[in-house]
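Visitor: To start, I am sharing the structure in question, which I have written as structure tokens.
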Protein chains: 2
Amino acid sequence: MSLVTVGTVAFDTIETPYGKAERVIGGAATYISLAASYFTKDINLVSVVGDDFPDAELKYLRKRGVNLEGLDIKEGEKSFFWAGRYHDNMNSRDTLTTELNVLADFNPKLPVGYRDAKYLMLGNLTPEIQMKVVKQMTKKPKLIALDTMNFWMDVAMPSLKKVLKKVDLLTINDEEARQLSGEYSLVKAAKVIHKMGPEVLVIKKGEHGALLFMEGKMFFAPAMPLAEVFDPTGAGDTFAGGFMGFLASTSSLNFENFKRAMIYGSAMASFCVEEFGITRLKTLNKAQINKRLKEFQKLAAFRL
Amino acid sequence: MSLVTVGTVAFDTIETPYGKAERVIGGAATYISLAASYFTKDINLVSVVGDDFPDAELKYLRKRGVNLEGLDIKEGEKSFFWAGRYHDNMNSRDTLTTELNVLADFNPKLPVGYRDAKYLMLGNLTPEIQMKVVKQMTKKPKLIALDTMNFWMDVAMPSLKKVLKKVDLLTINDEEARQLSGEYSLVKAAKVIHKMGPEVLVIKKGEHGALLFMEGKMFFAPAMPLAEVFDPTGAGDTFAGGFMGFLASTSSLNFENFKRAMIYGSAMASFCVEEFGITRLKTLNKAQINKRLKEFQKLAAFRL
């Protein structure tokens, strides 16, 4: 079913202990759309870039089934650019540069063909922009998911709370769940956050897996322990893309299907970190994904 | 089958954001033996206390099926005492006091009846003492498990490496696995540690669950997300006790059974933290344990 993905399409310069990748393609909407494209075909991207963004990359996204009608290409302007350096443990990073460029006055306009999409994934952006997108949907989607970060809790909490009332699913990390709810226990945090709007909460814990809270039930998806993590950039967005892409390819939003979506998201994220940027997401195939999904099953399955 | 448990039997003063417990009963061997006692009956404790240790507590351990023939009670001396304060997040703590007392010159002597035990759990102590116990076993146990900590890696690495050659299973936390192996990736760390001796490695990650590495395979046991964690003291030892107690109650040491042991250990640890010290471990019953085990299954189970 149709999926609208909103977020940045950008250049990233990434330094990790394994090396440096200069001005590679990144951005939340890129990772989300690419990951989703392995499961569903009707993907509709909403974003903005400058005229410095390579045609070949846009062509590649289109080839993967991503509709770019909602991508605003600003003549004479530059694309969003982020540079960061990961610490030795890969769990923390310093932002070296953030150049908003076209993002500074991004005012998303949804093409008419997007407005009745069944699934909407709002990647990490200002809550105001996320709200503008929600308001342009002419039909309430089956599922609106929103990703955000601590920065928006610090500088735009009232707007964030407004848009949270409109969404069905929130993805954040454990520290953000604690900040948003004021509760240290994630079980208690989930209860507070459900009351803010999202009936489904996904708490991403990076190398420690992810938790799903829904209908008073919990599910834990482990992260795959890997011998090498080359670059964690985009892992959270790739998780969201795999998650939403899988859901959009099915017709059910029951708990069992959300659990599967957690594993699909985790599997895609485990690929993402194996190479710099979107490199690994470009070389994937269905057989590799199915093999990884089975590895997740082996990792987690037991009989009492 | 028979299980020998070695470790401290002690007094703890514990401060957490929920309150303070003064001079309550603690110690690795106490937690291990109590947790194991819910699964197997032939438990043989090796430790040392002073004459200040309450008779009623020893009587309680005996009532739970713990043989105290190997507990050295030193007349005129004082039991090991530890005081610590947990930080708000419960993930880190400061040690306020450590009084070794009887532990300073602890020289374990295994009663003859212990020396052919099938299972041996060496709780966290100096590697030299752990080695002394191993050497007193007249028959190679089916399984020797060892718990240790970063402190012994800092001050007694050569002795630790010697005793590791004698053990089948090592339990440590993720930071300790990294320190011991010199590898950040836990997958790589496991390979290095297997070469040091232990064919089975359990990496405990506290609220983030635990990983089992064995026969080139991996298994992940989640931690149960809890609304309240009152006191994390003894959770790792309780995990080990549940793990070894379950294994000792079965006849198989295959991967499937080790996976079960991971869940039994995790379930017991999830109870331990619900109240101060050993309080919760004293009030448990089989029905509660079986209910919790099923909750773990619900937490982790999915179908692709």
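In the structure tokens, chains take letters A, B, ... by order of appearance, with residues numbered from 1 within each chain and ligands from 1 in the order shown.
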Might you pull out every residue within 7 Å of B:Thr97, with only C-alpha atoms counted and same-chain residues fewer than 5 positions away left off, and present them as a list in words?
Guide: Trp82, Ala83 and Gly84 of chain B
Visitor: Dump N, CA, C and O atoms for the selected residues as a CSV table (one decimal), in the first residue's frame?
Guide:
chain,number,residue,atom,x,y,z
B,82,TRP,N,29.9,-4.6,52.8
B,82,TRP,CA,30.0,-3.7,51.7
B,82,TRP,C,28.8,-2.7,51.8
B,82,TRP,O,27.7,-3.0,52.2
B,83,ALA,N,29.2,-1.4,51.5
B,83,ALA,CA,28.1,-0.4,51.5
B,83,ALA,C,28.2,0.4,50.2
B,83,ALA,O,29.3,0.7,49.7
B,84,GLY,N,27.1,0.6,49.5
B,84,GLY,CA,27.1,1.3,48.2
B,84,GLY,C,25.9,2.2,48.0
B,84,GLY,O,24.9,2.0,48.7
Visitor: Give as a ChimeraX atom specification every residue of chain B that touches chain A within 10 Å, counting only C-alpha atoms.
Guide: /B:88-90,183-189,205,207-212,217-229,256-264,290,293-304
Visitor: Find the residues near B:Thr30: any atom within 6 Å, counting only C-alpha atoms, skip ones fewer than 3 places away on the same chain, and give them as a tab-separated table (two decimals) with N, CA, C and O atoms, in the first residue's frame.
Guide:
chain	number	residue	atom	x	y	z
B	9	VAL	N	29.46	-14.40	51.53
B	9	VAL	CA	28.21	-14.34	52.31
B	9	VAL	C	28.46	-13.14	53.24
B	9	VAL	O	29.45	-13.13	53.97
B	27	GLY	N	25.85	-10.89	49.46
B	27	GLY	CA	26.99	-11.73	49.09
B	27	GLY	C	26.65	-12.61	47.91
B	27	GLY	O	25.52	-13.10	47.79
B	33	SER	N	23.00	-19.15	45.64
B	33	SER	CA	22.41	-20.34	46.26
B	33	SER	C	20.89	-20.22	46.36
B	33	SER	O	20.15	-21.15	46.06
Visitor: Which is closest to A:Leu247 among A:Ala145, A:Leu34, A:Val6, A:Leu103, if we use only C-alpha atoms?
Guide: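 Going through A:Ala145, A:Leu34, A:Val6, A:Leu103 one by one, the smallest distance to A:Leu247 is for A:Ala145.
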Visitor: Tell me, which residues of stretch 43-200 of chain A carry DSSP alpha helix (DSSP H), written as a PyMOL selection string?
Guide: chain A and resi 55-63+127-136+150-155+157-164+174-181+186-196
Visitor: With distances taken over only C-alpha atoms, which of B:Arg64, B:Asp168, B:Asp231, B:Asn101 is nearest to B:Ala35?
Guide: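 Ranking B:Arg64, B:Asp168, B:Asp231, B:Asn101 by distance to B:Ala35, first place goes to B:Arg64.
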Visitor: Just the residues within 9 Å of A:Asp116, please, counting only C-alpha atoms, with nothing from its chain fewer than 4 positions along; format it as an MDAnalysis selection string.
Guide: chainID A and resid 2 112 137:141
Visitor: Quick one: residues within 10 Å of B:Arg85, only C-alpha atoms, excluding same-chain residues fewer than 3 positions away - as a list in words?
Guide: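 Residues meeting the cut-off are Thr13, Ile14, Glu15, Thr16, Pro17, Lys20, Asp88, Met90, Ser92, Arg93, Asp94, Thr95, Leu96 and Thr97 of chain B.
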